[in-house]
>>> print(open('target.txt').read())   # compact mmCIF, C-alpha atoms and all ligand atoms
# COMPACT_ATOMS: atom_id res chain seq x y z
CA MET A 1 -95.88 -61.00 -25.35
CA SER A 2 -96.42 -57.47 -26.65
CA ARG A 3 -94.73 -56.22 -29.77
CA LEU A 4 -94.52 -52.96 -31.67
CA THR A 5 -94.93 -53.33 -35.43
CA LEU A 6 -94.79 -50.74 -38.22
CA VAL A 7 -96.77 -50.96 -41.44
CA ARG A 8 -97.63 -48.66 -44.31
CA GLY A 9 -101.37 -48.46 -44.84
CA ASP A 10 -104.81 -47.08 -44.14
CA ILE A 11 -105.89 -47.32 -40.51
CA THR A 12 -109.54 -47.82 -41.40
CA VAL A 13 -108.92 -51.30 -42.84
CA GLN A 14 -106.75 -52.66 -40.03
CA ARG A 15 -107.95 -55.94 -38.51
CA VAL A 16 -107.19 -55.20 -34.89
CA ASP A 17 -109.33 -54.93 -31.76
CA ALA A 18 -109.06 -51.14 -31.59
CA ILE A 19 -107.85 -48.37 -33.87
CA VAL A 20 -106.82 -44.95 -32.59
CA ASN A 21 -108.14 -41.72 -34.09
CA ALA A 22 -106.25 -38.40 -34.18
CA ALA A 23 -109.26 -36.37 -33.03
CA ASN A 24 -109.85 -32.82 -31.79
CA GLU A 25 -110.91 -31.75 -28.28
CA ALA A 26 -114.53 -31.18 -29.32
CA LEU A 27 -114.82 -34.64 -30.94
CA ILE A 28 -116.63 -33.05 -33.86
CA GLY A 29 -114.75 -34.81 -36.65
CA GLY A 30 -112.50 -33.14 -39.17
CA GLY A 31 -110.07 -33.90 -41.97
CA GLY A 32 -107.12 -36.27 -42.15
CA VAL A 33 -107.40 -39.62 -40.43
CA ASP A 34 -110.37 -38.38 -38.35
CA GLY A 35 -112.39 -37.72 -41.51
CA ALA A 36 -111.39 -41.09 -42.97
CA ILE A 37 -112.44 -42.98 -39.81
CA HIS A 38 -115.85 -41.27 -39.59
CA ARG A 39 -116.49 -41.78 -43.33
CA ALA A 40 -115.59 -45.46 -43.22
CA GLY A 41 -117.16 -46.23 -39.83
CA GLY A 42 -120.46 -44.46 -40.37
CA ALA A 43 -122.74 -42.33 -38.22
CA ALA A 44 -122.54 -44.52 -35.11
CA ILE A 45 -119.10 -43.13 -34.27
CA MET A 46 -120.33 -39.52 -34.27
CA ALA A 47 -123.44 -40.50 -32.30
CA ALA A 48 -121.19 -42.00 -29.62
CA SER A 49 -118.92 -38.92 -29.74
CA ASP A 50 -121.99 -36.70 -29.25
CA ARG A 51 -122.86 -38.65 -26.10
CA ILE A 52 -119.33 -38.25 -24.72
CA ARG A 53 -119.38 -34.51 -25.51
CA ALA A 54 -122.72 -34.16 -23.70
CA ALA A 55 -121.48 -36.13 -20.69
CA GLN A 56 -117.97 -34.74 -20.24
CA GLY A 57 -117.50 -31.89 -22.69
CA GLY A 58 -115.09 -33.57 -25.09
CA CYS A 59 -111.56 -34.92 -24.84
CA PRO A 60 -108.73 -32.70 -23.54
CA THR A 61 -105.39 -32.74 -25.37
CA GLY A 62 -103.31 -35.73 -24.23
CA SER A 63 -106.29 -37.80 -23.11
CA ALA A 64 -108.36 -40.53 -24.79
CA VAL A 65 -111.97 -41.72 -25.01
CA VAL A 66 -113.47 -44.87 -26.53
CA THR A 67 -116.40 -45.27 -28.93
CA THR A 68 -117.86 -47.99 -31.09
CA ALA A 69 -116.08 -48.57 -34.40
CA GLY A 70 -119.39 -48.65 -36.31
CA CYS A 71 -118.90 -50.47 -39.63
CA LEU A 72 -115.11 -50.75 -39.33
CA PRO A 73 -113.43 -54.13 -38.85
CA ALA A 74 -112.10 -53.02 -35.44
CA LYS A 75 -114.27 -53.41 -32.32
CA ALA A 76 -113.63 -49.90 -31.02
CA VAL A 77 -112.16 -46.51 -31.86
CA ILE A 78 -109.98 -44.85 -29.24
CA HIS A 79 -110.05 -41.10 -29.87
CA THR A 80 -107.03 -39.18 -28.64
CA VAL A 81 -106.16 -35.53 -29.14
CA GLY A 82 -102.58 -34.67 -29.96
CA PRO A 83 -100.99 -31.29 -29.34
CA VAL A 84 -100.85 -28.61 -32.00
CA TRP A 85 -97.15 -27.99 -32.72
CA ARG A 86 -96.16 -24.52 -31.45
CA GLY A 87 -92.38 -24.80 -31.71
CA GLY A 88 -91.74 -27.49 -29.10
CA GLY A 89 -91.58 -25.33 -25.98
CA ARG A 90 -95.23 -25.67 -24.99
CA GLY A 91 -95.18 -29.16 -23.54
CA GLU A 92 -95.88 -30.78 -26.90
CA ALA A 93 -93.66 -33.84 -26.33
CA GLU A 94 -95.23 -34.67 -22.95
CA LEU A 95 -98.74 -34.18 -24.35
CA LEU A 96 -97.97 -36.40 -27.33
CA ALA A 97 -96.50 -39.12 -25.11
CA SER A 98 -99.62 -38.88 -22.97
CA CYS A 99 -101.79 -39.58 -26.05
CA TYR A 100 -100.03 -42.91 -26.59
CA ARG A 101 -100.04 -43.79 -22.87
CA GLN A 102 -103.69 -42.89 -22.33
CA SER A 103 -104.80 -44.66 -25.50
CA LEU A 104 -103.02 -47.84 -24.40
CA ARG A 105 -104.50 -47.50 -20.91
CA ALA A 106 -107.98 -47.24 -22.46
CA ALA A 107 -107.24 -50.26 -24.66
CA ARG A 108 -106.10 -52.30 -21.69
CA GLU A 109 -109.21 -51.35 -19.73
CA GLY A 110 -111.37 -52.36 -22.70
CA GLY A 111 -109.58 -55.69 -23.08
CA PHE A 112 -108.37 -54.78 -26.58
CA ARG A 113 -105.26 -56.88 -27.20
CA SER A 114 -104.31 -55.47 -30.58
CA VAL A 115 -104.22 -51.72 -31.21
CA ALA A 116 -103.35 -49.70 -34.32
CA PHE A 117 -102.20 -46.07 -34.14
CA PRO A 118 -101.83 -43.46 -36.86
CA SER A 119 -99.06 -40.91 -36.47
CA ILE A 120 -100.78 -38.55 -34.02
CA SER A 121 -100.33 -34.76 -34.54
CA THR A 122 -98.10 -35.01 -37.64
CA GLY A 123 -100.69 -33.90 -40.19
CA ILE A 124 -102.92 -30.87 -39.66
CA TYR A 125 -101.45 -30.28 -36.18
CA GLY A 126 -97.97 -29.84 -37.67
CA TYR A 127 -95.75 -31.85 -35.29
CA PRO A 128 -92.41 -32.52 -37.06
CA LEU A 129 -92.38 -36.18 -38.03
CA PRO A 130 -88.93 -37.27 -36.73
CA GLN A 131 -89.61 -35.77 -33.30
CA ALA A 132 -93.12 -37.21 -33.18
CA ALA A 133 -91.85 -40.64 -34.21
CA ALA A 134 -89.25 -40.64 -31.41
CA VAL A 135 -91.92 -39.72 -28.84
CA ALA A 136 -94.37 -42.31 -30.16
CA VAL A 137 -91.87 -45.18 -30.22
CA ALA A 138 -90.53 -44.36 -26.74
CA ALA A 139 -94.01 -44.01 -25.22
CA ILE A 140 -95.27 -47.27 -26.74
CA ARG A 141 -92.14 -49.18 -25.74
CA ASP A 142 -92.37 -47.85 -22.17
CA ALA A 143 -96.01 -48.93 -21.92
CA LEU A 144 -95.25 -52.37 -23.35
CA SER A 145 -92.34 -53.00 -21.04
CA ALA A 146 -94.34 -51.82 -18.02
CA ASP A 147 -97.10 -54.32 -18.82
CA PRO A 148 -95.69 -57.02 -21.13
CA ASP A 149 -98.78 -59.28 -21.08
CA ALA A 150 -101.40 -56.62 -21.79
CA PHE A 151 -101.22 -56.68 -25.60
CA ASP A 152 -100.48 -59.03 -28.46
CA GLU A 153 -99.59 -56.24 -30.88
CA VAL A 154 -99.34 -52.46 -31.01
CA ARG A 155 -99.16 -51.42 -34.64
CA MET A 156 -98.15 -48.03 -36.03
CA VAL A 157 -99.89 -47.50 -39.37
CA LEU A 158 -98.08 -44.95 -41.51
CA PHE A 159 -99.86 -43.46 -44.46
CA SER A 160 -96.83 -43.02 -46.74
CA ALA A 161 -93.60 -44.87 -47.45
CA ALA A 162 -91.65 -41.79 -46.37
CA ASP A 163 -93.43 -41.68 -43.00
CA LEU A 164 -92.79 -45.41 -42.53
CA GLU A 165 -89.07 -44.85 -43.08
CA VAL A 166 -88.98 -42.10 -40.45
CA TYR A 167 -90.68 -44.38 -37.92
CA ARG A 168 -88.34 -47.24 -38.85
CA ASP A 169 -85.37 -44.97 -38.12
CA ALA A 170 -86.91 -44.04 -34.77
CA THR A 171 -87.20 -47.71 -33.74
CA LEU A 172 -83.52 -48.22 -34.55
CA ARG A 173 -82.43 -45.14 -32.65
CA CYS A 174 -84.37 -45.56 -29.39
N1 LIG B 201 -104.70 -44.00 -42.23
C1 LIG B 201 -103.55 -43.77 -41.58
N2 LIG B 201 -102.98 -42.56 -41.47
C2 LIG B 201 -103.62 -41.52 -42.05
C3 LIG B 201 -104.84 -41.67 -42.75
C4 LIG B 201 -105.39 -42.98 -42.84
N3 LIG B 201 -106.53 -43.22 -43.48
N4 LIG B 201 -105.22 -40.44 -43.20
C5 LIG B 201 -104.28 -39.56 -42.81
N5 LIG B 201 -103.31 -40.21 -42.11
P1 LIG B 201 -104.04 -35.78 -39.20
P2 LIG B 201 -103.39 -34.48 -36.61
C6 LIG B 201 -102.10 -39.68 -41.48
O1 LIG B 201 -104.03 -34.46 -39.87
O2 LIG B 201 -102.17 -33.88 -37.18
C7 LIG B 201 -108.38 -33.49 -37.93
O3 LIG B 201 -109.11 -32.51 -38.59
C8 LIG B 201 -101.55 -38.36 -41.98
O4 LIG B 201 -100.78 -38.57 -43.15
O5 LIG B 201 -105.13 -36.74 -39.52
O6 LIG B 201 -103.34 -35.13 -35.25
C9 LIG B 201 -108.84 -33.69 -36.49
O7 LIG B 201 -110.22 -33.51 -36.35
C10 LIG B 201 -100.70 -37.92 -40.79
O8 LIG B 201 -99.42 -38.54 -40.88
O9 LIG B 201 -104.07 -35.60 -37.56
C11 LIG B 201 -108.05 -32.66 -35.76
O10 LIG B 201 -108.69 -31.39 -35.82
C12 LIG B 201 -101.42 -38.52 -39.60
O11 LIG B 201 -102.41 -39.40 -40.13
C13 LIG B 201 -106.75 -32.60 -36.52
O12 LIG B 201 -107.03 -33.07 -37.83
C14 LIG B 201 -102.10 -37.50 -38.70
O13 LIG B 201 -102.64 -36.45 -39.49
C15 LIG B 201 -105.73 -33.52 -35.91
O14 LIG B 201 -104.50 -33.33 -36.57
>>> encode(input="target.txt", output="structure tokens")
Amino acid sequence: MSRLTLVRGDITVQRVDAIVNAANEALIGGGGVDGAIHRAGGAAIMAASDRIRAAQGGCPTGSAVVTTAGCLPAKAVIHTVGPVWRGGGRGEAELLASCYRQSLRAAREGGFRSVAFPSISTGIYGYPLPQAAAVAVAAIRDALSADPDAFDEVRMVLFSAADLEVYRDATLRC
């Protein structure tokens, strides 16, 4: 039976089958959670990203690709690319929902039964947190109800207490 859980914490230390990275389309690493994952996981994650870039040119916004997790406790990293916030009228909500859907599809295909997400797009990409939380919670719940036996746990890992509160509100509202 799948469940959505919310915790405050650092995604790099989560003991789950797969963690999700808020990456960029070029898969070249960066700041925020992306930087933290590459630092903690080591060079194997970038080596695998390099191979994906060579094979398919990167990862378009709203899609997801899977690499090794290197030295991290997880078995795999699912890299997804959220939309840059441009005011909300440029398909941002659909692209963000697609990140959660495609990441969970990749997890299911990989047989990863527990998955931890950071709050995609709400840092450097500027997506307003309450709107992003509503999209994330709805997209995860839709995926879990469509396929109730696919996962044991889908965990949202929020970096701050304030972010956790916003996500908690979103779970009560949806
Ligand atoms: N664990 C969990 N959450 C974290 C961690 C962590 N260790 N570190 C940061 N966050 P961001 P984006 C939270 O900027 O907005 C990169 O340069 C953070 O507080 O990491 O999708 C990529 O390469 C925020 O709530 O991702 C892209 O170019 C959330 O993670 C770009 O940033 C997402 O913030 C992607 O921007």
>>> closest_atom_pairs(input="target.txt", of="chain A", to="ligand LIG 201 (chain B)", cutoff="8 Å", atoms="all atoms listed in the file", output="CSV")
residue,atom,partner,partner_atom,distance
A:Gly9,CA,B:LIG201,C1,6.1
A:Asp10,CA,B:LIG201,N1,3.6
A:Ile11,CA,B:LIG201,N1,3.9
A:Thr12,CA,B:LIG201,N3,5.9
A:Asn21,CA,B:LIG201,O5,8.0
A:Ala22,CA,B:LIG201,O6,4.5
A:Ala23,CA,B:LIG201,C9,4.4
A:Asn24,CA,B:LIG201,C11,4.4
A:Glu25,CA,B:LIG201,O10,7.9
A:Leu27,CA,B:LIG201,O7,7.2
A:Ile28,CA,B:LIG201,O7,6.9
A:Gly29,CA,B:LIG201,O7,4.7
A:Gly30,CA,B:LIG201,O3,3.5
A:Gly31,CA,B:LIG201,O3,3.8
A:Gly32,CA,B:LIG201,O5,3.3
A:Val33,CA,B:LIG201,N4,3.6
A:Asp34,CA,B:LIG201,O7,5.3
A:Gly35,CA,B:LIG201,O3,6.8
A:Ala36,CA,B:LIG201,N3,5.3
A:Ile37,CA,B:LIG201,N3,7.0
A:Val81,CA,B:LIG201,O6,6.7
A:Gly82,CA,B:LIG201,O6,5.4
A:Pro83,CA,B:LIG201,O6,7.4
A:Val84,CA,B:LIG201,O2,7.5
A:Phe117,CA,B:LIG201,C1,7.9
A:Pro118,CA,B:LIG201,N2,4.8
A:Ser119,CA,B:LIG201,C12,4.6
A:Ile120,CA,B:LIG201,O6,4.4
A:Ser121,CA,B:LIG201,O6,3.1
A:Thr122,CA,B:LIG201,O2,4.2
A:Gly123,CA,B:LIG201,O13,3.3
A:Ile124,CA,B:LIG201,O1,3.8
A:Tyr125,CA,B:LIG201,O2,3.8
A:Gly126,CA,B:LIG201,O2,5.8
A:Tyr127,CA,B:LIG201,O2,7.0
A:Leu129,CA,B:LIG201,O8,8.0
A:Val157,CA,B:LIG201,C1,5.7
A:Leu158,CA,B:LIG201,N2,5.5
A:Phe159,CA,B:LIG201,N2,4.4
A:Ser160,CA,B:LIG201,O4,6.9
A:Asp163,CA,B:LIG201,O8,7.1
>>> atom_distance(input="target.txt", atom1="atom CA of A:Tyr167", atom2="atom CA of A:Val135")
10.3 Å
>>> atom_distance(input="target.txt", atom1="atom CA of A:Ala107", atom2="atom CA of A:Ala162")
28.0 Å
>>> closest_residue(input="target.txt", among="A:Asp142, A:Asp50, A:Glu94, A:Asp17", to="A:Ile78", atoms="all atoms listed in the file")
A:Asp17
>>> closest_residue(input="target.txt", among="A:Pro73, A:Gly62, A:Gly110, A:Gly41", to="A:Val16", atoms="all atoms listed in the file")
A:Pro73
>>> residues_around(input="target.txt", residues="A:Glu165", least_positions_apart="6", cutoff="10 Å", atoms="all atoms listed in the file", output="PDB file with C-alpha atoms, in the coordinates of the input")
ATOM      1  CA  LEU A   6     -94.790 -50.740 -38.220  1.00  0.00           C
ATOM      2  CA  VAL A   7     -96.770 -50.960 -41.440  1.00  0.00           C
ATOM      3  CA  ARG A   8     -97.630 -48.660 -44.310  1.00  0.00           C
ATOM      4  CA  PRO A 130     -88.930 -37.270 -36.730  1.00  0.00           C
ATOM      5  CA  LEU A 158     -98.080 -44.950 -41.510  1.00  0.00           C
ATOM      6  CA  THR A 171     -87.200 -47.710 -33.740  1.00  0.00           C
TER       7      THR A 171
END
>>> residues_around(input="target.txt", residues="A:Ala146", least_positions_apart="5", cutoff="12 Å", atoms="all atoms listed in the file", output="list in words")
Met1, Ser2, Arg101, Leu104, Arg105, Ala139, Ile140, Arg141 and Phe151 of chain A
>>> atom_distance(input="target.txt", atom1="atom CA of A:Pro128", atom2="atom CA of A:Arg168")
15.4 Å
>>> closest_residue(input="target.txt", among="A:Ala55, A:Leu96, A:Ala26, A:Gly111", to="A:Ala136", atoms="all atoms listed in the file")
A:Leu96
>>> closest_residue(input="target.txt", among="A:Cys59, A:Leu144, A:Ala133, A:Ala106", to="A:Ala170", atoms="all atoms listed in the file")
A:Ala133
>>> build_atoms(input="target.txt", residues="stretch 11-22 of chain A", atoms="all heavy atoms", output="PDB file, in the coordinates of the input")
ATOM      1  N   ILE A  11    -105.477 -46.818 -41.830  1.00  0.00           N
ATOM      2  CA  ILE A  11    -105.890 -47.320 -40.510  1.00  0.00           C
ATOM      3  C   ILE A  11    -107.310 -47.878 -40.525  1.00  0.00           C
ATOM      4  O   ILE A  11    -107.637 -48.762 -39.738  1.00  0.00           O
ATOM      5  CB  ILE A  11    -105.708 -46.242 -39.433  1.00  0.00           C
ATOM      6  CG1 ILE A  11    -105.706 -46.889 -38.045  1.00  0.00           C
ATOM      7  CG2 ILE A  11    -106.781 -45.182 -39.504  1.00  0.00           C
ATOM      8  CD1 ILE A  11    -104.685 -46.361 -37.140  1.00  0.00           C
ATOM      9  N   THR A  12    -108.135 -47.401 -41.436  1.00  0.00           N
ATOM     10  CA  THR A  12    -109.540 -47.820 -41.400  1.00  0.00           C
ATOM     11  C   THR A  12    -109.737 -49.289 -41.776  1.00  0.00           C
ATOM     12  O   THR A  12    -110.802 -49.843 -41.505  1.00  0.00           O
ATOM     13  CB  THR A  12    -110.431 -46.950 -42.322  1.00  0.00           C
ATOM     14  OG1 THR A  12    -110.012 -47.140 -43.673  1.00  0.00           O
ATOM     15  CG2 THR A  12    -110.360 -45.491 -41.944  1.00  0.00           C
ATOM     16  N   VAL A  13    -108.757 -49.901 -42.417  1.00  0.00           N
ATOM     17  CA  VAL A  13    -108.920 -51.300 -42.840  1.00  0.00           C
ATOM     18  C   VAL A  13    -108.144 -52.277 -41.959  1.00  0.00           C
ATOM     19  O   VAL A  13    -108.083 -53.478 -42.258  1.00  0.00           O
ATOM     20  CB  VAL A  13    -108.542 -51.492 -44.340  1.00  0.00           C
ATOM     21  CG1 VAL A  13    -109.387 -50.587 -45.219  1.00  0.00           C
ATOM     22  CG2 VAL A  13    -107.063 -51.238 -44.578  1.00  0.00           C
ATOM     23  N   GLN A  14    -107.567 -51.787 -40.883  1.00  0.00           N
ATOM     24  CA  GLN A  14    -106.750 -52.660 -40.030  1.00  0.00           C
ATOM     25  C   GLN A  14    -107.630 -53.639 -39.260  1.00  0.00           C
ATOM     26  O   GLN A  14    -108.636 -53.252 -38.675  1.00  0.00           O
ATOM     27  CB  GLN A  14    -105.920 -51.833 -39.050  1.00  0.00           C
ATOM     28  CG  GLN A  14    -105.000 -50.824 -39.718  1.00  0.00           C
ATOM     29  CD  GLN A  14    -103.970 -51.481 -40.641  1.00  0.00           C
ATOM     30  OE1 GLN A  14    -103.287 -52.412 -40.237  1.00  0.00           O
ATOM     31  NE2 GLN A  14    -103.875 -50.986 -41.870  1.00  0.00           N
ATOM     32  N   ARG A  15    -107.217 -54.898 -39.248  1.00  0.00           N
ATOM     33  CA  ARG A  15    -107.950 -55.940 -38.510  1.00  0.00           C
ATOM     34  C   ARG A  15    -107.306 -56.102 -37.141  1.00  0.00           C
ATOM     35  O   ARG A  15    -106.493 -56.981 -36.905  1.00  0.00           O
ATOM     36  CB  ARG A  15    -107.970 -57.252 -39.293  1.00  0.00           C
ATOM     37  CG  ARG A  15    -108.690 -57.072 -40.594  1.00  0.00           C
ATOM     38  CD  ARG A  15    -109.153 -58.354 -41.258  1.00  0.00           C
ATOM     39  NE  ARG A  15    -110.062 -57.983 -42.352  1.00  0.00           N
ATOM     40  CZ  ARG A  15    -111.365 -57.818 -42.212  1.00  0.00           C
ATOM     41  NH1 ARG A  15    -111.944 -58.022 -41.053  1.00  0.00           N
ATOM     42  NH2 ARG A  15    -112.103 -57.450 -43.252  1.00  0.00           N
ATOM     43  N   VAL A  16    -107.686 -55.197 -36.264  1.00  0.00           N
ATOM     44  CA  VAL A  16    -107.190 -55.200 -34.890  1.00  0.00           C
ATOM     45  C   VAL A  16    -108.400 -54.954 -33.983  1.00  0.00           C
ATOM     46  O   VAL A  16    -109.467 -54.561 -34.452  1.00  0.00           O
ATOM     47  CB  VAL A  16    -106.142 -54.077 -34.662  1.00  0.00           C
ATOM     48  CG1 VAL A  16    -104.822 -54.397 -35.345  1.00  0.00           C
ATOM     49  CG2 VAL A  16    -106.674 -52.725 -35.130  1.00  0.00           C
ATOM     50  N   ASP A  17    -108.205 -55.144 -32.681  1.00  0.00           N
ATOM     51  CA  ASP A  17    -109.330 -54.930 -31.760  1.00  0.00           C
ATOM     52  C   ASP A  17    -109.728 -53.460 -31.702  1.00  0.00           C
ATOM     53  O   ASP A  17    -110.905 -53.136 -31.625  1.00  0.00           O
ATOM     54  CB  ASP A  17    -108.949 -55.407 -30.350  1.00  0.00           C
ATOM     55  CG  ASP A  17    -108.839 -56.915 -30.268  1.00  0.00           C
ATOM     56  OD1 ASP A  17    -109.379 -57.609 -31.155  1.00  0.00           O
ATOM     57  OD2 ASP A  17    -108.200 -57.402 -29.303  1.00  0.00           O
ATOM     58  N   ALA A  18    -108.750 -52.574 -31.680  1.00  0.00           N
ATOM     59  CA  ALA A  18    -109.060 -51.140 -31.590  1.00  0.00           C
ATOM     60  C   ALA A  18    -108.121 -50.337 -32.476  1.00  0.00           C
ATOM     61  O   ALA A  18    -106.919 -50.626 -32.539  1.00  0.00           O
ATOM     62  CB  ALA A  18    -108.923 -50.661 -30.138  1.00  0.00           C
ATOM     63  N   ILE A  19    -108.690 -49.335 -33.151  1.00  0.00           N
ATOM     64  CA  ILE A  19    -107.850 -48.370 -33.870  1.00  0.00           C
ATOM     65  C   ILE A  19    -107.938 -47.037 -33.127  1.00  0.00           C
ATOM     66  O   ILE A  19    -108.931 -46.747 -32.461  1.00  0.00           O
ATOM     67  CB  ILE A  19    -108.241 -48.194 -35.347  1.00  0.00           C
ATOM     68  CG1 ILE A  19    -109.659 -47.615 -35.490  1.00  0.00           C
ATOM     69  CG2 ILE A  19    -108.095 -49.495 -36.111  1.00  0.00           C
ATOM     70  CD1 ILE A  19    -109.969 -47.148 -36.904  1.00  0.00           C
ATOM     71  N   VAL A  20    -106.874 -46.247 -33.258  1.00  0.00           N
ATOM     72  CA  VAL A  20    -106.820 -44.950 -32.590  1.00  0.00           C
ATOM     73  C   VAL A  20    -107.070 -43.867 -33.637  1.00  0.00           C
ATOM     74  O   VAL A  20    -106.583 -43.949 -34.769  1.00  0.00           O
ATOM     75  CB  VAL A  20    -105.459 -44.751 -31.892  1.00  0.00           C
ATOM     76  CG1 VAL A  20    -105.378 -43.386 -31.226  1.00  0.00           C
ATOM     77  CG2 VAL A  20    -105.234 -45.866 -30.857  1.00  0.00           C
ATOM     78  N   ASN A  21    -107.843 -42.867 -33.228  1.00  0.00           N
ATOM     79  CA  ASN A  21    -108.140 -41.720 -34.090  1.00  0.00           C
ATOM     80  C   ASN A  21    -107.398 -40.492 -33.584  1.00  0.00           C
ATOM     81  O   ASN A  21    -107.323 -40.252 -32.376  1.00  0.00           O
ATOM     82  CB  ASN A  21    -109.650 -41.451 -34.051  1.00  0.00           C
ATOM     83  CG  ASN A  21    -110.067 -40.285 -34.937  1.00  0.00           C
ATOM     84  OD1 ASN A  21    -109.345 -39.930 -35.875  1.00  0.00           O
ATOM     85  ND2 ASN A  21    -111.216 -39.694 -34.653  1.00  0.00           N
ATOM     86  N   ALA A  22    -106.848 -39.695 -34.520  1.00  0.00           N
ATOM     87  CA  ALA A  22    -106.250 -38.400 -34.180  1.00  0.00           C
ATOM     88  C   ALA A  22    -107.365 -37.361 -34.232  1.00  0.00           C
ATOM     89  O   ALA A  22    -107.639 -36.754 -35.266  1.00  0.00           O
ATOM     90  CB  ALA A  22    -105.141 -38.052 -35.186  1.00  0.00           C
TER      91      ALA A  22
END
